[in-house]
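Text of the file coords13.cif, holding mmCIF, C-alpha atoms:
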data_upload
loop_
_atom_site.label_atom_id
_atom_site.label_comp_id
_atom_site.auth_asym_id
_atom_site.auth_seq_id
_atom_site.Cartn_x
_atom_site.Cartn_y
_atom_site.Cartn_z
CA MET G 1 140.38 146.76 -49.35
CA VAL G 2 143.25 147.32 -46.95
CA GLU G 3 141.73 150.59 -45.70
CA LEU G 4 138.51 148.67 -44.96
CA GLY G 5 140.49 146.42 -42.62
CA LEU G 6 141.37 143.48 -44.85
CA SER G 7 144.83 141.95 -44.68
CA GLU G 8 147.10 141.42 -47.67
CA ARG G 9 146.18 137.73 -47.52
CA ASP G 10 142.47 138.63 -47.67
CA VAL G 11 143.16 140.78 -50.74
CA GLY G 12 144.83 137.77 -52.36
CA VAL G 13 141.87 135.51 -51.56
CA ILE G 14 139.33 137.95 -53.06
CA SER G 15 141.48 138.45 -56.16
CA SER G 16 141.85 134.67 -56.66
CA LEU G 17 138.13 134.03 -56.24
CA SER G 18 137.37 136.87 -58.65
CA SER G 19 139.61 135.35 -61.31
CA ALA G 20 137.96 131.93 -60.94
CA VAL G 21 134.43 133.41 -61.07
CA ALA G 22 135.33 135.56 -64.10
CA ALA G 23 136.79 132.74 -66.21
CA LEU G 24 133.55 131.48 -67.79
CA PRO G 25 131.87 134.88 -68.43
CA SER G 26 134.97 136.32 -70.11
CA THR G 27 135.21 133.17 -72.24
CA LEU G 28 131.58 133.49 -73.33
CA MET G 29 132.16 137.15 -74.21
CA SER G 30 135.00 136.21 -76.55
CA LEU G 31 132.93 133.43 -78.12
CA MET G 32 130.11 135.94 -78.68
CA ALA G 33 132.52 137.97 -80.84
CA ASP G 34 132.74 134.99 -83.22
CA VAL G 35 129.28 133.46 -83.15
CA LYS G 36 127.18 136.63 -82.91
CA SER G 37 128.87 140.01 -83.32
CA ARG G 38 132.06 141.83 -82.37
CA ARG G 39 129.99 144.93 -81.57
CA ALA G 40 127.56 143.10 -79.28
CA ALA G 41 130.42 141.56 -77.31
CA TYR G 42 132.15 144.96 -77.08
CA LEU G 43 129.06 146.71 -75.72
CA LEU G 44 128.55 143.94 -73.17
CA GLY G 45 132.13 144.41 -71.95
CA ILE G 46 131.66 148.16 -71.52
CA SER G 47 128.47 147.55 -69.50
CA LEU G 48 130.21 145.09 -67.18
CA GLU G 49 133.06 147.54 -66.62
CA ALA G 50 130.58 150.21 -65.52
CA LEU G 51 128.81 147.74 -63.22
CA SER G 52 132.18 146.93 -61.63
CA ALA G 53 132.73 150.57 -60.68
CA LEU G 54 129.17 150.72 -59.31
CA ALA G 55 129.73 147.63 -57.14
CA PHE G 56 132.89 149.09 -55.60
CA PHE G 57 131.10 152.38 -54.90
CA ILE G 58 127.91 150.94 -53.38
CA ASP G 59 129.38 149.14 -50.38
CA GLY G 60 132.58 147.85 -48.81
CA ASN G 61 131.60 144.39 -47.59
CA ALA G 62 133.27 141.26 -48.94
CA CYS G 63 130.41 140.28 -51.28
CA TRP G 64 130.39 143.63 -53.08
CA LEU G 65 134.20 143.65 -53.25
CA LEU G 66 134.15 140.17 -54.77
CA LEU G 67 131.45 141.19 -57.28
CA GLY G 68 133.27 144.39 -58.24
CA ASN G 69 136.57 142.55 -58.63
CA ALA G 70 134.99 139.74 -60.68
CA LEU G 71 133.19 142.14 -63.04
CA SER G 72 136.40 144.15 -63.43
CA THR G 73 138.32 140.98 -64.32
CA VAL G 74 135.66 139.87 -66.83
CA SER G 75 135.60 143.25 -68.55
CA PHE G 76 139.40 143.58 -68.55
CA PHE G 77 140.14 140.22 -70.18
CA GLY G 78 137.04 140.21 -72.37
CA LEU G 79 137.33 143.80 -73.61
CA ARG G 80 141.08 143.61 -74.17
CA GLY G 81 140.61 140.66 -76.51
CA ILE G 82 137.65 142.14 -78.38
CA GLU G 83 139.29 145.56 -78.84
CA ASN G 84 142.38 143.91 -80.29
CA ILE G 85 140.23 141.73 -82.55
CA LEU G 86 138.49 144.86 -83.90
CA ILE G 87 141.87 146.46 -84.65
CA ALA G 88 143.25 143.27 -86.20
CA ASP G 89 140.15 143.01 -88.41
CA THR G 90 140.84 146.54 -89.68
CA VAL G 91 144.59 146.66 -90.29
CA ALA G 92 146.83 144.61 -92.58
CA GLY G 93 149.39 142.36 -90.94
CA ALA G 94 152.41 144.44 -91.95
CA ARG G 95 151.11 147.37 -89.86
CA ARG G 96 149.11 145.53 -87.20
CA ALA G 97 151.53 145.73 -84.25
CA PHE G 98 152.05 149.45 -84.90
CA ALA G 99 148.27 150.00 -85.05
CA ILE G 100 147.67 148.25 -81.73
CA GLY G 101 150.57 150.23 -80.25
CA VAL G 102 149.04 153.52 -81.43
CA ALA G 103 145.65 152.51 -80.03
CA ASN G 104 147.25 151.73 -76.67
CA THR G 105 149.08 155.06 -76.74
CA LEU G 106 145.89 157.03 -77.45
CA SER G 107 144.13 155.16 -74.66
CA VAL G 108 146.89 155.97 -72.18
CA LEU G 109 147.22 159.55 -73.49
CA SER G 110 143.58 160.26 -72.66
CA SER G 111 144.19 159.22 -69.04
CA THR G 112 147.71 160.56 -68.52
CA ILE G 113 146.86 162.96 -65.71
CA ALA G 114 144.12 160.79 -64.18
CA PRO G 115 146.40 159.50 -61.36
CA LEU G 116 147.26 163.07 -60.32
CA VAL G 117 143.60 164.11 -60.45
CA ALA G 118 142.86 161.14 -58.18
CA ALA G 119 145.63 162.21 -55.80
CA TYR G 120 144.17 165.72 -55.47
CA LEU G 121 140.66 164.33 -54.95
CA ILE G 122 141.90 162.02 -52.20
CA ALA G 123 143.91 164.83 -50.58
CA SER G 124 140.85 167.10 -50.60
CA MET G 125 138.98 164.42 -48.63
CA GLY G 126 141.63 164.11 -45.92
CA GLY G 127 144.11 161.67 -47.45
CA LEU G 128 144.17 157.93 -48.09
CA SER G 129 141.03 156.40 -46.59
CA ALA G 130 138.28 154.00 -47.61
CA GLY G 131 135.76 156.82 -48.08
CA ALA G 132 138.08 158.91 -50.23
CA LEU G 133 139.03 155.94 -52.39
CA ARG G 134 135.41 154.89 -52.79
CA SER G 135 134.55 158.29 -54.27
CA LEU G 136 136.94 157.55 -57.14
CA PHE G 137 134.71 154.70 -58.27
CA LEU G 138 131.80 157.11 -58.63
CA VAL G 139 133.99 159.30 -60.84
CA GLN G 140 134.95 156.17 -62.81
CA LEU G 141 131.30 155.17 -63.25
CA LEU G 142 130.28 158.61 -64.54
CA GLY G 143 133.32 158.77 -66.82
CA LEU G 144 132.60 155.33 -68.30
CA MET G 145 128.98 156.28 -68.99
CA LEU G 146 130.13 159.42 -70.79
CA ALA G 147 132.97 157.77 -72.70
CA SER G 148 130.84 154.82 -73.82
CA LEU G 149 128.41 157.01 -75.79
CA PRO G 150 130.68 157.54 -78.83
CA ALA G 151 131.67 153.87 -78.67
CA VAL G 152 128.02 152.82 -78.86
CA LEU G 153 127.53 155.05 -81.90
CA ILE G 154 130.78 154.39 -83.75
CA VAL G 155 131.83 150.77 -83.20
CA ARG G 156 130.55 148.46 -85.92
CA ASP G 157 131.30 144.97 -87.20
CA LEU G 158 133.75 145.52 -90.04
CA ARG G 159 133.46 142.04 -91.50
CA ALA G 160 130.74 139.45 -91.14
CA VAL G 161 131.60 136.63 -88.76
CA GLY G 162 130.89 133.09 -89.86
CA GLU G 163 127.66 131.52 -88.72
CA ALA G 164 128.41 129.00 -86.00
CA SER G 165 126.69 127.60 -82.94
CA LEU G 166 128.22 127.92 -79.51
CA ARG G 167 128.75 124.17 -79.44
CA ALA G 168 130.56 124.21 -82.78
CA ALA G 169 132.74 127.11 -81.65
CA VAL G 170 133.84 125.20 -78.55
CA SER G 171 134.58 122.09 -80.60
CA GLU G 172 136.65 124.05 -83.13
CA SER G 173 138.58 125.70 -80.28
CA ILE G 174 139.64 122.28 -78.98
CA HIS G 175 140.64 121.15 -82.49
CA LEU G 176 142.73 124.27 -82.96
CA LEU G 177 144.89 123.29 -80.00
CA ARG G 178 145.19 119.68 -81.10
CA LEU G 179 146.29 120.55 -84.62
CA ASN G 180 148.73 123.32 -83.68
CA PRO G 181 150.76 122.31 -80.60
CA TRP G 182 152.44 125.70 -80.28
CA LEU G 183 149.02 127.13 -79.40
CA TRP G 184 149.09 124.98 -76.27
CA ARG G 185 152.47 126.47 -75.42
CA TRP G 186 151.06 129.97 -75.86
CA VAL G 187 148.16 129.19 -73.53
CA LEU G 188 150.78 128.09 -70.99
CA VAL G 189 152.60 131.40 -71.52
CA GLU G 190 149.42 133.30 -70.62
CA ALA G 191 148.62 130.99 -67.69
CA LEU G 192 152.11 131.52 -66.25
CA GLY G 193 151.57 135.25 -66.73
CA GLY G 194 149.29 135.04 -63.73
CA TYR G 195 152.24 133.95 -61.63
CA VAL G 196 154.16 136.97 -62.88
CA PHE G 197 151.60 139.77 -62.88
CA SER G 198 148.60 138.53 -60.85
CA LEU G 199 151.03 137.38 -58.18
CA THR G 200 152.18 140.97 -57.61
CA MET G 201 149.51 143.33 -59.01
CA PRO G 202 147.25 143.44 -55.90
CA PHE G 203 150.21 144.30 -53.67
CA GLN G 204 152.17 146.92 -55.63
CA MET G 205 150.49 149.98 -54.16
CA ILE G 206 150.18 148.38 -50.71
CA TYR G 207 153.94 147.78 -50.79
CA ALA G 208 154.64 151.31 -51.99
CA VAL G 209 152.58 152.83 -49.14
CA ARG G 210 153.32 150.50 -46.22
CA VAL G 211 156.95 149.56 -46.92
CA LYS G 212 158.30 152.48 -48.96
CA GLY G 213 156.30 155.31 -47.34
CA ALA G 214 154.48 156.59 -50.44
CA ASP G 215 151.58 159.02 -50.02
CA GLU G 216 148.71 159.73 -52.40
CA PHE G 217 150.81 162.17 -54.45
CA THR G 218 153.64 159.65 -54.86
CA LEU G 219 151.07 157.13 -56.06
CA GLY G 220 149.72 159.75 -58.47
CA TYR G 221 153.16 160.46 -59.92
CA MET G 222 153.82 156.73 -60.19
CA GLY G 223 150.69 156.41 -62.33
CA LEU G 224 151.69 159.43 -64.38
CA ALA G 225 155.16 157.97 -64.98
CA LEU G 226 153.66 154.63 -66.00
CA ASN G 227 151.42 156.36 -68.54
CA LEU G 228 154.20 158.53 -69.94
CA GLY G 229 156.51 155.55 -70.38
CA SER G 230 153.80 153.67 -72.24
CA ILE G 231 152.96 156.66 -74.45
CA ILE G 232 156.60 157.11 -75.44
CA SER G 233 157.37 153.50 -76.22
CA SER G 234 154.19 151.79 -77.53
CA PRO G 235 154.29 153.07 -81.16
CA LEU G 236 158.06 152.55 -81.30
CA ALA G 237 157.72 148.97 -80.08
CA GLY G 238 154.97 148.38 -82.66
CA LYS G 239 157.16 149.70 -85.46
CA LEU G 240 160.04 147.53 -84.27
CA ALA G 241 157.80 144.45 -84.18
CA ASP G 242 156.59 145.14 -87.72
CA ARG G 243 160.22 145.28 -88.83
CA ILE G 244 162.16 142.59 -86.91
CA GLY G 245 159.29 140.37 -85.75
CA ARG G 246 156.93 139.97 -82.81
CA VAL G 247 158.86 137.32 -80.87
CA ARG G 248 162.21 139.16 -81.04
CA THR G 249 160.66 142.44 -79.88
CA ILE G 250 158.91 140.83 -76.91
CA LEU G 251 162.14 139.19 -75.77
CA LEU G 252 164.16 142.37 -76.38
CA LEU G 253 161.92 144.39 -74.02
CA ARG G 254 161.72 141.74 -71.29
CA PRO G 255 164.65 143.04 -69.17
CA LEU G 256 162.73 146.30 -68.60
CA TYR G 257 160.24 144.39 -66.45
CA TYR G 258 163.00 142.94 -64.29
CA ALA G 259 164.60 146.38 -63.95
CA SER G 260 161.30 147.94 -62.84
CA VAL G 261 160.70 145.28 -60.18
CA LEU G 262 164.22 145.55 -58.77
CA THR G 263 164.00 149.36 -58.73
CA LEU G 264 160.73 149.10 -56.78
CA ILE G 265 162.25 146.74 -54.20
CA LEU G 266 165.56 148.61 -53.81
CA ALA G 267 164.06 152.14 -53.88
CA PRO G 268 165.76 154.17 -51.10
CA SER G 269 163.12 156.92 -51.33
CA PRO G 270 159.64 157.47 -52.83
CA ALA G 271 161.19 159.25 -55.84
CA TYR G 272 162.65 155.94 -56.99
CA LEU G 273 159.16 154.45 -57.00
CA VAL G 274 158.27 156.92 -59.74
CA LEU G 275 161.36 155.79 -61.70
CA ALA G 276 160.34 152.15 -61.24
CA PHE G 277 156.94 152.85 -62.77
CA LEU G 278 158.44 154.87 -65.63
CA ILE G 279 160.53 151.80 -66.52
CA ARG G 280 157.41 149.66 -66.11
CA GLY G 281 155.60 151.93 -68.58
CA LEU G 282 158.40 151.48 -71.12
CA PHE G 283 158.05 147.73 -70.69
CA PHE G 284 154.28 147.89 -71.16
CA ALA G 285 154.97 148.77 -74.80
CA SER G 286 155.62 145.07 -75.32
CA GLY G 287 151.98 144.46 -74.41
CA ALA G 288 150.79 145.65 -77.83
CA VAL G 289 153.29 143.33 -79.53
CA PHE G 290 152.28 140.47 -77.23
CA GLN G 291 148.61 140.99 -78.09
CA THR G 292 149.39 141.18 -81.82
CA LEU G 293 151.32 137.91 -81.76
CA ALA G 294 148.57 136.16 -79.79
CA LEU G 295 145.90 137.20 -82.32
CA GLU G 296 148.02 136.35 -85.36
CA LEU G 297 148.55 132.78 -84.19
CA VAL G 298 145.15 132.00 -85.74
CA THR G 299 143.28 133.27 -88.80
CA TYR G 300 140.48 135.84 -88.86
CA GLU G 301 137.51 133.51 -88.43
CA TYR G 302 138.94 131.89 -85.28
CA ARG G 303 140.08 134.98 -83.35
CA GLY G 304 137.12 135.09 -80.97
CA ARG G 305 137.28 131.35 -80.32
CA TRP G 306 141.02 131.51 -79.78
CA SER G 307 140.63 134.40 -77.31
CA ALA G 308 137.92 132.42 -75.51
CA VAL G 309 139.92 129.24 -75.05
CA ARG G 310 142.97 131.21 -73.92
CA SER G 311 140.91 133.12 -71.38
CA LEU G 312 139.19 130.05 -69.97
CA ILE G 313 142.29 127.92 -69.47
CA SER G 314 144.64 130.68 -68.38
CA MET G 315 142.20 132.40 -65.99
CA ILE G 316 141.31 129.17 -64.20
CA SER G 317 144.94 128.07 -63.91
CA ARG G 318 146.16 131.50 -62.79
CA SER G 319 143.37 132.13 -60.27
CA PRO G 320 145.43 130.85 -57.28
CA ALA G 321 148.22 133.36 -58.06
CA PRO G 322 146.95 136.34 -55.97
CA PHE G 323 146.28 134.02 -53.01
CA ILE G 324 149.83 132.64 -53.26
CA GLY G 325 151.11 136.22 -53.56
CA GLY G 326 149.27 137.16 -50.36
CA ILE G 327 150.83 134.24 -48.49
CA LEU G 328 154.30 135.13 -49.78
CA TYR G 329 153.76 138.79 -48.85
CA THR G 330 152.60 138.12 -45.28
CA SER G 331 154.42 134.88 -44.37
CA VAL G 332 157.76 135.17 -46.17
CA ALA G 333 158.51 138.84 -46.94
CA PRO G 334 156.79 141.73 -48.73
CA GLU G 335 159.44 141.47 -51.46
CA ALA G 336 158.89 137.73 -52.03
CA PRO G 337 156.03 137.92 -54.62
CA PHE G 338 158.03 140.39 -56.74
CA LEU G 339 161.17 138.24 -56.77
CA VAL G 340 159.20 135.07 -57.56
CA SER G 341 157.55 136.86 -60.49
CA ILE G 342 160.98 137.55 -62.04
CA LEU G 343 162.04 133.92 -61.61
CA VAL G 344 158.85 132.54 -63.18
CA ASP G 345 159.09 134.87 -66.16
CA LEU G 346 162.79 134.37 -66.79
CA ALA G 347 162.93 130.60 -66.24
CA LEU G 348 159.57 129.49 -67.68
CA ARG G 349 157.87 132.10 -69.87
CA VAL G 350 160.87 133.39 -71.83
CA PRO G 351 161.78 129.90 -73.23
CA LEU G 352 158.15 129.33 -74.25
CA ILE G 353 157.92 132.72 -75.98
CA TYR G 354 161.22 132.00 -77.76
CA SER G 355 159.79 128.71 -79.12
CA THR G 356 156.66 130.41 -80.53
CA PRO G 357 156.59 130.64 -84.36
CA GLU G 358 157.01 134.11 -85.81
CA THR G 359 153.85 135.48 -87.47
CA LEU G 360 155.18 138.60 -89.21
CA ASN G 361 155.50 136.77 -92.52
CA ARG G 362 151.89 135.61 -92.80
CA GLU G 363 152.31 133.36 -95.83
CA GLU G 364 155.19 131.52 -94.20
CA TYR G 365 153.30 131.13 -90.94
CA LEU G 366 150.07 129.99 -92.60
CA ARG G 367 151.95 127.16 -94.28
CA ARG G 368 152.37 125.73 -90.77
CA PHE G 369 148.95 126.61 -89.39
CA LYS G 370 146.24 123.93 -89.60
CA PRO G 371 142.57 124.94 -89.37
CA PRO G 372 140.16 122.72 -87.42
CA SER G 373 138.05 121.88 -90.46
CA PRO G 374 138.64 121.66 -94.24
CA ARG G 375 135.78 124.05 -95.03
CA HIS G 376 138.14 127.01 -94.47
CA SER G 377 141.03 125.67 -96.53
CA SER G 378 139.80 127.04 -99.83
CA GLU G 379 137.84 130.20 -100.24
CA ASN G 380 136.39 131.43 -103.48
CA VAL G 381 137.08 135.08 -102.75
CA LYS G 382 140.16 137.21 -102.78
CA TYR G 383 141.40 139.01 -99.73
CA GLN G 384 143.89 141.71 -98.98
CA GLY G 385 147.25 140.19 -98.16
CA SER G 386 149.62 141.45 -95.50
CA GLU G 387 151.23 143.78 -98.03
CA GLY G 388 147.87 145.30 -99.01
CA ARG G 389 147.65 143.63 -102.45
CA ALA G 390 144.97 141.24 -103.68
CA VAL G 391 146.04 137.62 -103.19
CA ALA G 392 144.39 134.58 -104.70
CA PRO G 393 143.41 132.11 -101.98
CA SER G 394 145.07 128.72 -101.74
CA VAL G 395 145.12 125.86 -99.27
CA HIS G 396 147.39 127.81 -96.95
CA SER G 397 146.51 131.40 -97.78
CA ARG G 398 143.42 132.07 -95.73
CA ARG G 399 142.11 135.30 -94.34
CA VAL G 400 144.88 137.07 -92.49
#

Could you rewrite the structure in this file as structure tokens?
Amino acid sequence: MVELGLSERDVGVISSLSSAVAALPSTLMSLMADVKSRRAAYLLGISLEALSALAFFIDGNACWLLLGNALSTVSFFGLRGIENILIADTVAGARRAFAIGVANTLSVLSSTIAPLVAAYLIASMGGLSAGALRSLFLVQLLGLMLASLPAVLIVRDLRAVGEASLRAAVSESIHLLRLNPWLWRWVLVEALGGYVFSLTMPFQMIYAVRVKGADEFTLGYMGLALNLGSIISSPLAGKLADRIGRVRTILLLRPLYYASVLTLILAPSPAYLVLAFLIRGLFFASGAVFQTLALELVTYEYRGRWSAVRSLISMISRSPAPFIGGILYTSVAPEAPFLVSILVDLALRVPLIYSTPETLNREEYLRRFKPPSPRHSSENVKYQGSEGRAVAPSVHSRRV
């Protein structure tokens, strides 16, 4: 966008509009996972991701950039939730955080050298330019088409979802929040996440190039370092979360984010930018734990609905964040969005995360959890408990 002549403020405006436009579609995608099929929602997300790459490749005017950004946002938030739901449906609670961590690691492992490949492609086309960057979206489109084939063939619904209308799903989502006040606090955690990550994400690479003097190879090594850090730490963080708890692990890894931001700002040379992104990759391990905790706050039959209501509220409320980041970047200082992100996380999000109930012990947590309707409070079938043994259902022991 910047190479096409847009200012940092323009980038913020497009990113904010994209988030607002994407809120409803990503919500409907998550609801589809509950009322129709996990697989159908997953395939829709893959298709939208491919269309996003196509939109960025076709043209560089504002309408296509907005469309590409919106489709990318829809697929990112929608697919992330559905993929985690599929994993959570498969794995018992005692190993769930580790499983999501392994899945994240395998995903990153498959793309470890992608940033360096991109750097060489850009260099072969004369360096950082709009034309060279646009070619990467064609590579992305072809890669997504190829990679989606096994997904289309392999991904299946592992358990039947309950029959429910869209209207009933929306109503039950609202009741979930009313009956379990800590769910409201978690939605606020995710909404404030926009003023931590969305506030800075559009400007990280712009800052690295324009303020810190990074070239395409520095950017490539930054991406490589980010991937390596995530590969190293994701399974370890998952194991830790399955042992000491989700909330403790998230809070324990939080300082790594602050360290990565400060290293980025204070970097005396481009080499320190690579270090900053290595630390950021280590921090990203907490993402798997974060996702596990978010899913475990509700029971199996409400996961899609819960993902939908979180996406709708948080995406609408966080949509101004990139615009505010653009204003801070251009009108205050390039470092301002990054420093504000630390303050928001430390002062607002950390206390809310700390107050979230721990979900590692499912039976203990489910004694507190209230479903939106009594029809789910007693089931006539047995299910596999978090320890992998058959457990007789009771008023509080629902599907994990």

Review point. Can you list, as a VMD selection string, the residues that the PyMOL selection byres ((chain G and resi 273-280) around 10) selects here?
Key: chain G and resid 208 212 214 218 to 230 256 to 272 281 to 285

Practice item. Please evaluate the PyMOL selection byres ((chain G and resi 39-48) around 7) against the displayed coordinates and give the resulting residues as a PyMOL selection string. Key: chain G and resi 29+32-33+37-38+49-52+71+75+78-79+82+152+155-157

Practice item. Name the residues in contact with region 292-299 of chain G at a cut-off of 8 Å, using all atoms listed in the file, excluding same-chain residues fewer than 4 positions from it; report them as an MDAnalysis selection string. Key: chainID G and resid 84:85 88 96:97 100 183 186 246:247 288 303 306:307 358:359 369 398:400

Practice item. Please indicate the distance in Å from CA of Phe197 (chain G) to CA of Ser341 (chain G), rounded to one decimal place. Key: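 Straight-line distance from CA of Phe197 (chain G) to CA of Ser341 (chain G) works out to 7.0 Å.
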
Point to revise | For Ser18 (chain G), the nearest of the candidates G:Lys370, G:Arg362, G:Lys239, G:Arg318, counting all atoms listed in the file | key: G:Arg318

Practice item. Could you check how far CA of Ala130 (chain G) sits from CA of Glu3 (chain G), in Å to one decimal? Key: 5.2 Å

Practice item. Apply the PyMOL selection byres ((chain G and resi 203) around 9) to the displayed file and report the matching residues as a VMD selection string. Key: chain G and resid 8 11 to 12 199 to 202 204 to 208 322 325 to 326 329 334 337

Check your understanding: To one decimal place, how far is CA of Ser110 (chain G) from CA of Ala151 (chain G) in Å?
Key ->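 Interatomic distance here is 14.8 Å.
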
Review point. Counting only C-alpha atoms, which of G:Trp64, G:Phe217, G:Trp182, G:Phe57 gets nearest to Gly127 (chain G)?
Key: G:Phe217

Exercise for review: Do a neighbour search on Leu31 (chain G) at 6 Å with only C-alpha atoms, toss out local chain neighbours closer than 2 positions, and write the hits as a ChimeraX atom specification.
Suggested key: /G:28-29,33-34,304-305,308
